[in-house]
Amino acid sequence: MTNNSHDVERFQDPGLPAHVHRNADVDPKAEKRAERQVSILFFLSVLGTLLTIGSYVGIKSDKFVYLPIMGETNLQQLLLGLGLTATTLFIGLGAIQWAKKLMPDQEIVAERHEFRSAESDREDLVATFREGAASSGIGRRKLIKFSLASALGLVGLTPILLLRDAGPLPHEELDTTDWRAGTRLLLDPAGTPIKASDLEVGAVAQVLPELPVGTERTLENTGKDAVLLIRLRPEDFNLDAERLSWTHEGIIAFSKICTHMGCAVALYEQQTHHLLCPCHQSTFDVTRAAKVIFGPAARPLPQLAIDVNADGYLVAKQPFTVPIGPSFWERNSSNG
Amino acid sequence: MKTSQKFAGSTANYVDERTGAAAWVKKNLTKVFPDHWSFMLGEICLYSFIILLLTGTFLTFWFDPSQRDVVYHGSYLPLSGIHMSAAYDSTLHLSFDVRGGLLMRQIHHWAALIFMSAIVAHLFRVFFTGAFRKPREFNWLIGIGLLTFGIVEGFLGYSLPDDLLSGTGIRIAEAILQAIPVVGSYLAFFAFGGPFPGTAFIPRIFIVHVLLLPGLFLALITIHLMLVWYQKHTQYPGPGRTEKNVVGYPMLPVYMAKAGGFFFVVFGVTAFLGAVASINPIWLYGPYTPGQISAGSQPDWYMGWLDGLVRMSPPLETHAFGHTISWNILIPGLIIPGILFTGMALYPFIESWITGDKREHHLLDRPRNAPNRTALGVTAITFILISLANGGNDIIATHFHLTINGIMWFTRIGLIVVPPIAFVITKRICLSLQRADRDLVLHGRETGRLVMMPNGEMIEVHEPLSDAQKWTLTQHQQPDALPAPLPASALVGVKGKIRARLNRAHMTQVPAPTLTELKELEAGGHH
């Protein structure tokens, strides 16, 4: 397959093709025309800047116009953009036109140099290194070598140590939520307690736990406490006795935080009783305690046991029995 | 002498007497750059980076990287009175109450997409033409670094406004951190300053986005360009172009005008996109809260393939000894991208090990003349594209009335089956193209003109190629078997056998036609 054999003649490199003159090189008229073209392009850039200035001072910032395809568009932002487009684009086109039409277009040849240093330089370098190392005595002075190595090795510890205070340790934070036995379910975002009768069959509501008086709700609370309430006909459930006792008159509650990567599982399909996470399409069957029926999630959404209190408001019967949200190393998943 | 010339002369004199730069500058102003459209891809990377620095600086004058809770009172009425972070509030302010603010945000986002696209296109060009070969391996590694940091930088950038969509992206990033065995929850708590979302993350990624990574980019791009300059650019094969020379236009004035002009063209095109094409309209998503989400959540395209891998992952978790390991996150989110990027970074060294080729290469390969490499590249691209398709599975499902289930199984199986098929087909196509080249050289170009011979036979007239074309199509090196003087130990054992096998695969080639063959054909009454 190789062409090393001497009696085979390969094609020869004919060398650089002869230079062909352009119109503008030989025809003064064409040259003038090219010069004009370049100048017009540069001049259009000047107009672009004028358009930018004009729209900056002359157009109200809240003026919207309706344009086909683009829809409602802020006129000032649009014209500023088009002005900037003209300002920059025409400088570029002018310069390129200039280079292509008027600047010398004869390709030139430069030789490459070899990167490898001369053998003597390479030997000198090695010798210099050896001499340097020898004169420092690093090879002989074992104690210095050892102590320097340990010193340098430990330098990296300081920045790691100093970053320790970037955040607290997780402790039990990932295992717990603000749901306690008897915590009332508050509608989000209204913040009002909810009764079973407020929820029609087929309805969905997002609820958050009532926090102790004086505690302000943060996004960290919402991030672990968000719960979805769904009301089905009780006969639609396909639950074991314990899980069925966690529901109330067909109302079932699940953590809204996906067990895969923590997105809000917000899409409820009323006909099929499926909950879908829009991030990675993990799908949970509400009738079977949010069992995963599709997608990358490996665990069902934790179910919150609910009940009603003496005033008829929905409350949590107990805290979540498993950590909510995505997995983490310390998570004990032996009971779900 | 004109005044302007006198001024330039005295300035040059002033600088040279203090730096002695004249000799160096003179030499470099006449530096030769070969011309080809595909060499502009790298330029686009550089220019969009400059656009990113300029527009990004503008944005920092108004953007407030804080997750402090504020109530919105700006001119976008639908969100009036709503609680949000100062980051989101200031992004709304930039979009509605700063003249040109929305424009700059949109140019910045478009420039980021162009930056990443140009990096990937540049990477393809370098890979398929073999430009990464000795002596350019360092620049290949720097390029892989820039691509990796670019993905991170882009993700951090679109996370800054703290809107509902980007907050969801951060939530996913937190879950990936949290999934790392042993140290995951600690890493997540350190990164976020406590439980998710906290108030520390946006200020922290802000400084990474505007200082740390741009500084790193500047340093890497500088070394990248210095190496290009010092090693001189590669060139495509052609008449007069050899491994020992470089043929092209001088830096001054032609290349300076073309490259400088091209910067303004890239700026103009990006500005046009920013002016007319709405991108990331964060006011439609609302402020981030962990309890809400918008349907059709999509990352930017360069993250999309990762998201697609995560989406198609089987629900695998290990529960043992009171610990949980999420393979459904680790494999698609960390392990597969890790393997891909490591493989990509090591490829120049792997190929040189396979071929035993330690020579310098300055003439580029035509992709068809390196069938194995081209096929491997297409295989990797196919893998990424299938992942990317699944990253948009919800959008594809709604647009084309398909089920997400169907798309997932199609891409799950496709991810394993299609890339090898792509490899075989690409290799075949490359070899066919080599045969076509061979025919062209030996038989000339089909002209489509039919001639009737005196005996009534119809033949098509073939026009011979020019000498330059013949040379371009036959100049490439025929790949060699591993050189004989290789120590015998290099080809024995499992490693040696693998190497020999890969070497054979790499050698597959249609022999380039020779002048001898052409003469023989012509002597034999060839028309």
# chains A, B, ... in the order shown; residues from 1 in each chain; ligands from 1

call {"tool": "closest_atom_pairs", "arguments": {"of": "chain A", "to": "chain B", "cutoff": "6 Å", "atoms": "only C-alpha atoms", "output": "CSV"}}
result
residue,atom,partner,partner_atom,distance
A:Met1,CA,B:Pro511,CA,5.9
A:Val8,CA,B:Thr516,CA,5.8
A:Glu9,CA,B:Thr516,CA,5.2
A:Arg10,CA,B:Thr514,CA,4.7
A:Phe11,CA,B:Leu515,CA,5.2
A:Asp13,CA,B:Pro239,CA,5.7
A:Pro14,CA,B:Pro239,CA,5.8
A:Gly15,CA,B:Gly240,CA,3.9
A:Leu16,CA,B:Gly240,CA,4.3
A:Gln77,CA,B:Gly100,CA,5.5
A:Leu78,CA,B:Ala275,CA,5.0
A:Gly81,CA,B:Ala275,CA,4.4
A:Thr85,CA,B:Gly268,CA,4.4
A:Thr88,CA,B:Gly268,CA,5.0
A:Leu89,CA,B:Gly268,CA,4.2
A:Gly92,CA,B:Gly261,CA,3.7
A:Ala95,CA,B:Gly261,CA,5.0
A:Ile96,CA,B:Lys258,CA,4.9
A:Ala99,CA,B:Val254,CA,5.4
A:Glu107,CA,B:Gly248,CA,4.8
A:Ile108,CA,B:Gly248,CA,5.5
A:Val109,CA,B:Val247,CA,4.5
A:Ala110,CA,B:Val246,CA,5.3
A:Glu111,CA,B:Asn245,CA,4.3
A:Arg112,CA,B:Asn245,CA,5.1
A:Ala166,CA,B:Phe190,CA,4.9
A:Gly167,CA,B:Gly193,CA,3.8
A:Pro168,CA,B:Gly194,CA,5.6
A:Glu220,CA,B:Phe196,CA,5.7
A:Gly223,CA,B:Pro290,CA,4.8
A:Ala226,CA,B:Gly291,CA,5.8
A:Met261,CA,B:Ala175,CA,5.1
A:Ala264,CA,B:Gly291,CA,5.5
A:Pro278,CA,B:Ala295,CA,5.5
A:Cys279,CA,B:Ser297,CA,5.8
A:His280,CA,B:Arg311,CA,4.8
A:Pro296,CA,B:Pro315,CA,4.3
A:Ala297,CA,B:Pro315,CA,5.3
A:Ala298,CA,B:Pro315,CA,4.5
A:Phe328,CA,B:Ala179,CA,5.1
A:Trp329,CA,B:Thr324,CA,5.0
A:Glu330,CA,B:His323,CA,5.2
A:Arg331,CA,B:His323,CA,5.4
A:Asn332,CA,B:Gly322,CA,4.3
A:Ser333,CA,B:His319,CA,5.8

call {"tool": "residues_around", "arguments": {"residues": "Ile354 of chain B", "least_positions_apart": "2", "cutoff": "8 Å", "atoms": "only C-alpha atoms", "output": "list in words"}}
result
Ile350, Glu351, Ser352, Gly356, Arg499, Ala500, Leu502, Asn503 and His506 of chain B

call {"tool": "atom_distance", "arguments": {"atom1": "atom CA of Thr55 of chain B", "atom2": "atom CA of Ile151 of chain B"}}
result
18.7 Å

call {"tool": "select_by_dssp", "arguments": {"residues": "segment 164-283 of chain B", "states": "helix (DSSP H, G or I)", "output": "PyMOL selection string"}}
result
chain B and resi 164-179+184-192+201-231+251-276+282-283

call {"tool": "write_last_selection", "arguments": {"atoms": "C-alpha atoms", "output": "short mmCIF file (atom, residue, chain, number, x, y, z; two decimals), in the first residue's frame"}}
result
data_model
loop_
_atom_site.label_atom_id
_atom_site.label_comp_id
_atom_site.auth_asym_id
_atom_site.auth_seq_id
_atom_site.Cartn_x
_atom_site.Cartn_y
_atom_site.Cartn_z
CA LEU B 164 -37.24 30.81 37.86
CA LEU B 165 -35.57 29.03 34.93
CA SER B 166 -31.95 29.62 35.95
CA GLY B 167 -32.70 28.92 39.61
CA THR B 168 -33.95 25.51 38.54
CA GLY B 169 -30.59 25.00 36.78
CA ILE B 170 -28.77 25.87 40.00
CA ARG B 171 -31.02 23.45 41.89
CA ILE B 172 -29.89 20.69 39.50
CA ALA B 173 -26.23 21.68 39.87
CA GLU B 174 -26.68 21.47 43.67
CA ALA B 175 -28.15 17.97 43.31
CA ILE B 176 -25.12 16.88 41.26
CA LEU B 177 -22.76 18.21 43.96
CA GLN B 178 -24.85 16.54 46.63
CA ALA B 179 -24.71 13.21 44.78
CA GLY B 184 -21.27 15.52 48.44
CA SER B 185 -23.51 17.08 51.07
CA TYR B 186 -20.51 18.86 52.61
CA LEU B 187 -19.48 20.29 49.23
CA ALA B 188 -23.04 21.45 48.60
CA PHE B 189 -23.31 23.11 52.02
CA PHE B 190 -19.94 24.85 51.58
CA ALA B 191 -20.80 26.03 48.06
CA PHE B 192 -24.23 27.36 49.03
CA PHE B 201 -24.38 31.33 45.91
CA ILE B 202 -25.14 34.16 43.44
CA PRO B 203 -22.50 36.53 44.93
CA ARG B 204 -19.98 33.69 44.84
CA ILE B 205 -20.59 32.59 41.27
CA PHE B 206 -20.64 36.27 40.26
CA ILE B 207 -17.00 36.73 41.21
CA VAL B 208 -16.13 33.44 39.52
CA HIS B 209 -18.02 34.55 36.41
CA VAL B 210 -16.62 38.08 36.12
CA LEU B 211 -13.10 37.72 37.53
CA LEU B 212 -11.76 34.22 38.08
CA LEU B 213 -12.79 32.52 34.84
CA PRO B 214 -12.32 35.56 32.55
CA GLY B 215 -8.82 35.93 34.00
CA LEU B 216 -8.16 32.29 33.29
CA PHE B 217 -9.56 32.70 29.76
CA LEU B 218 -7.29 35.69 29.14
CA ALA B 219 -4.24 33.76 30.29
CA LEU B 220 -5.09 30.62 28.30
CA ILE B 221 -6.07 32.56 25.16
CA THR B 222 -2.82 34.53 25.36
CA ILE B 223 -0.72 31.35 25.53
CA HIS B 224 -2.88 29.77 22.80
CA LEU B 225 -2.25 32.70 20.44
CA MET B 226 1.42 33.04 21.33
CA LEU B 227 1.91 29.39 20.42
CA VAL B 228 0.01 29.87 17.14
CA TRP B 229 2.23 32.83 16.41
CA TYR B 230 5.47 31.12 17.37
CA GLN B 231 4.73 27.77 15.74
CA MET B 251 0.35 40.53 8.79
CA LEU B 252 0.68 44.13 7.62
CA PRO B 253 -1.45 45.31 5.96
CA VAL B 254 -3.59 42.49 4.55
CA TYR B 255 -4.10 40.24 7.50
CA MET B 256 -4.50 43.12 9.93
CA ALA B 257 -7.22 44.65 7.77
CA LYS B 258 -8.97 41.33 7.21
CA ALA B 259 -8.79 40.14 10.81
CA GLY B 260 -9.54 43.57 12.26
CA GLY B 261 -12.40 43.94 9.81
CA PHE B 262 -13.66 40.51 10.70
CA PHE B 263 -13.80 41.50 14.38
CA PHE B 264 -16.18 44.32 13.48
CA VAL B 265 -18.24 41.98 11.30
CA VAL B 266 -18.61 39.51 14.19
CA PHE B 267 -19.54 42.42 16.46
CA GLY B 268 -22.07 43.67 13.90
CA VAL B 269 -23.71 40.28 13.49
CA THR B 270 -23.88 39.77 17.27
CA ALA B 271 -25.31 43.28 17.73
CA PHE B 272 -27.92 42.52 15.06
CA LEU B 273 -28.96 39.34 16.87
CA GLY B 274 -29.11 41.27 20.14
CA ALA B 275 -31.24 43.94 18.48
CA VAL B 276 -33.84 41.76 16.79
CA ILE B 282 -36.28 36.58 32.31
CA TRP B 283 -39.28 38.80 33.14
#

call {"tool": "select_by_dssp", "arguments": {"residues": "segment 137-317 of chain B", "states": "strand (DSSP E or B)", "output": "CSV table (one decimal) with N, CA and C atoms, in the first residue's frame"}}
result
chain,number,residue,atom,x,y,z
B,163,ASP,N,-33.6,34.0,38.0
B,163,ASP,CA,-35.0,33.9,37.6
B,163,ASP,C,-35.4,32.4,37.8
B,235,GLN,N,-1.3,24.9,7.3
B,235,GLN,CA,-1.9,25.2,6.1
B,235,GLN,C,-2.4,24.0,5.4
B,245,ASN,N,7.3,25.2,4.7
B,245,ASN,CA,7.1,26.6,4.5
B,245,ASN,C,5.7,27.0,4.9
B,246,VAL,N,5.3,28.3,4.9
B,246,VAL,CA,4.0,28.7,5.1
B,246,VAL,C,3.7,29.8,4.1
B,247,VAL,N,2.5,29.6,3.4
B,247,VAL,CA,2.2,30.4,2.2
B,247,VAL,C,0.9,31.2,2.6
B,248,GLY,N,1.0,32.5,2.5
B,248,GLY,CA,-0.2,33.3,2.8
B,248,GLY,C,0.1,34.8,2.7
B,249,TYR,N,-0.7,35.6,3.4
B,249,TYR,CA,-0.6,37.0,3.3
B,249,TYR,C,0.1,37.6,4.5
B,250,PRO,N,0.8,38.7,4.3
B,250,PRO,CA,1.6,39.3,5.4
B,250,PRO,C,0.7,39.9,6.5
B,287,PRO,N,-39.4,35.5,39.5
B,287,PRO,CA,-38.3,35.3,40.4
B,287,PRO,C,-38.2,33.8,40.8
B,317,GLU,N,-30.1,3.5,41.8
B,317,GLU,CA,-29.5,4.0,43.0
B,317,GLU,C,-29.0,2.8,43.8

call {"tool": "atom_distance", "arguments": {"atom1": "atom CA of Phe294 of chain A", "atom2": "atom CA of Pro332 of chain B"}}
result
17.0 Å

call {"tool": "atom_distance", "arguments": {"atom1": "atom CA of Trp62 of chain B", "atom2": "atom CA of Thr73 of chain A"}}
result
22.2 Å

call {"tool": "residues_around", "arguments": {"residues": "segment 194-197 of chain A", "least_positions_apart": "4", "cutoff": "12 Å", "atoms": "only C-alpha atoms", "output": "ChimeraX atom specification"}}
result
/A:183-188,190,201,203-210,229-232,247-252,306-316

call {"tool": "write_last_selection", "arguments": {"atoms": "N, CA and C atoms", "output": "mmCIF file, in the first residue's frame"}}
result
data_model
loop_
_atom_site.group_PDB
_atom_site.id
_atom_site.type_symbol
_atom_site.label_atom_id
_atom_site.label_comp_id
_atom_site.auth_asym_id
_atom_site.auth_seq_id
_atom_site.Cartn_x
_atom_site.Cartn_y
_atom_site.Cartn_z
ATOM 1 N N THR A 183 -48.896 20.241 62.500
ATOM 2 C CA THR A 183 -48.640 21.472 61.744
ATOM 3 C C THR A 183 -49.756 21.690 60.720
ATOM 4 N N ARG A 184 -50.330 22.909 60.730
ATOM 5 C CA ARG A 184 -51.399 23.169 59.761
ATOM 6 C C ARG A 184 -50.845 23.350 58.360
ATOM 7 N N LEU A 185 -51.630 22.964 57.359
ATOM 8 C CA LEU A 185 -51.258 23.140 55.964
ATOM 9 C C LEU A 185 -51.745 24.518 55.518
ATOM 10 N N LEU A 186 -50.825 25.385 55.061
ATOM 11 C CA LEU A 186 -51.213 26.707 54.588
ATOM 12 C C LEU A 186 -51.104 26.752 53.072
ATOM 13 N N LEU A 187 -52.161 27.323 52.459
ATOM 14 C CA LEU A 187 -52.141 27.447 51.002
ATOM 15 C C LEU A 187 -51.019 28.386 50.588
ATOM 16 N N ASP A 188 -50.298 28.023 49.535
ATOM 17 C CA ASP A 188 -49.250 28.894 49.008
ATOM 18 C C ASP A 188 -49.783 29.499 47.710
ATOM 19 N N ALA A 190 -51.285 32.149 49.361
ATOM 20 C CA ALA A 190 -52.213 32.921 50.198
ATOM 21 C C ALA A 190 -51.816 32.871 51.675
ATOM 22 N N VAL A 201 -62.764 17.301 44.115
ATOM 23 C CA VAL A 201 -62.119 16.108 43.560
ATOM 24 C C VAL A 201 -61.440 16.498 42.250
ATOM 25 N N ALA A 203 -58.776 18.428 42.187
ATOM 26 C CA ALA A 203 -58.033 19.672 42.380
ATOM 27 C C ALA A 203 -56.640 19.404 42.952
ATOM 28 N N VAL A 204 -55.753 20.363 42.728
ATOM 29 C CA VAL A 204 -54.390 20.295 43.247
ATOM 30 C C VAL A 204 -54.099 21.603 43.962
ATOM 31 N N ALA A 205 -53.373 21.546 45.057
ATOM 32 C CA ALA A 205 -52.981 22.781 45.730
ATOM 33 C C ALA A 205 -51.575 22.631 46.263
ATOM 34 N N GLN A 206 -50.821 23.754 46.231
ATOM 35 C CA GLN A 206 -49.507 23.714 46.877
ATOM 36 C C GLN A 206 -49.647 24.271 48.286
ATOM 37 N N VAL A 207 -49.117 23.546 49.265
ATOM 38 C CA VAL A 207 -49.207 24.026 50.644
ATOM 39 C C VAL A 207 -47.824 24.052 51.282
ATOM 40 N N LEU A 208 -47.728 24.879 52.328
ATOM 41 C CA LEU A 208 -46.499 24.981 53.121
ATOM 42 C C LEU A 208 -46.887 24.830 54.578
ATOM 43 N N PRO A 209 -45.963 24.407 55.429
ATOM 44 C CA PRO A 209 -46.309 24.240 56.847
ATOM 45 C C PRO A 209 -46.443 25.591 57.542
ATOM 46 N N GLU A 210 -47.342 25.668 58.487
ATOM 47 C CA GLU A 210 -47.452 26.877 59.307
ATOM 48 C C GLU A 210 -46.225 26.903 60.219
ATOM 49 N N LEU A 229 -50.986 18.962 47.461
ATOM 50 C CA LEU A 229 -52.199 18.271 47.897
ATOM 51 C C LEU A 229 -52.991 17.925 46.658
ATOM 52 N N ILE A 230 -53.425 16.678 46.581
ATOM 53 C CA ILE A 230 -54.238 16.280 45.432
ATOM 54 C C ILE A 230 -55.466 15.560 45.966
ATOM 55 N N ARG A 231 -56.642 15.905 45.419
ATOM 56 C CA ARG A 231 -57.844 15.207 45.888
ATOM 57 C C ARG A 231 -58.350 14.269 44.796
ATOM 58 N N LEU A 232 -58.425 12.990 45.144
ATOM 59 C CA LEU A 232 -58.948 11.966 44.223
ATOM 60 C C LEU A 232 -60.238 11.420 44.809
ATOM 61 N N THR A 247 -53.977 9.380 54.148
ATOM 62 C CA THR A 247 -54.793 10.274 53.328
ATOM 63 C C THR A 247 -56.015 10.701 54.139
ATOM 64 N N HIS A 248 -56.731 11.714 53.612
ATOM 65 C CA HIS A 248 -57.930 12.144 54.313
ATOM 66 C C HIS A 248 -59.014 12.441 53.281
ATOM 67 N N GLU A 249 -60.072 11.670 53.296
ATOM 68 C CA GLU A 249 -61.204 11.850 52.378
ATOM 69 C C GLU A 249 -60.735 12.015 50.937
ATOM 70 N N GLY A 250 -59.796 11.169 50.525
ATOM 71 C CA GLY A 250 -59.338 11.234 49.134
ATOM 72 C C GLY A 250 -58.244 12.258 48.897
ATOM 73 N N ILE A 251 -57.863 13.006 49.948
ATOM 74 C CA ILE A 251 -56.786 13.985 49.788
ATOM 75 C C ILE A 251 -55.471 13.321 50.165
ATOM 76 N N ILE A 252 -54.515 13.406 49.257
ATOM 77 C CA ILE A 252 -53.211 12.803 49.506
ATOM 78 C C ILE A 252 -52.149 13.893 49.353
ATOM 79 N N ILE A 306 -51.572 13.063 56.533
ATOM 80 C CA ILE A 306 -52.388 14.223 56.919
ATOM 81 C C ILE A 306 -53.649 13.784 57.651
ATOM 82 N N ASP A 307 -54.238 14.741 58.303
ATOM 83 C CA ASP A 307 -55.408 14.509 59.144
ATOM 84 C C ASP A 307 -56.133 15.847 59.274
ATOM 85 N N VAL A 308 -57.200 15.899 60.051
ATOM 86 C CA VAL A 308 -57.809 17.201 60.351
ATOM 87 C C VAL A 308 -57.725 17.428 61.855
ATOM 88 N N ASN A 309 -57.610 18.700 62.227
ATOM 89 C CA ASN A 309 -57.590 19.000 63.659
ATOM 90 C C ASN A 309 -59.011 19.303 64.140
ATOM 91 N N ALA A 310 -59.131 19.712 65.394
ATOM 92 C CA ALA A 310 -60.433 19.920 66.008
ATOM 93 C C ALA A 310 -61.251 20.990 65.270
ATOM 94 N N ASP A 311 -60.535 21.979 64.666
ATOM 95 C CA ASP A 311 -61.254 23.037 63.947
ATOM 96 C C ASP A 311 -61.596 22.648 62.516
ATOM 97 N N GLY A 312 -61.210 21.430 62.106
ATOM 98 C CA GLY A 312 -61.531 20.978 60.758
ATOM 99 C C GLY A 312 -60.473 21.351 59.735
ATOM 100 N N TYR A 313 -59.343 21.946 60.185
ATOM 101 C CA TYR A 313 -58.282 22.281 59.246
ATOM 102 C C TYR A 313 -57.378 21.078 59.014
ATOM 103 N N LEU A 314 -56.855 21.006 57.800
ATOM 104 C CA LEU A 314 -55.919 19.929 57.487
ATOM 105 C C LEU A 314 -54.591 20.173 58.208
ATOM 106 N N VAL A 315 -54.075 19.110 58.836
ATOM 107 C CA VAL A 315 -52.783 19.199 59.515
ATOM 108 C C VAL A 315 -51.949 17.977 59.150
ATOM 109 N N ALA A 316 -50.648 18.096 59.426
ATOM 110 C CA ALA A 316 -49.778 16.925 59.252
ATOM 111 C C ALA A 316 -49.984 16.001 60.444
#
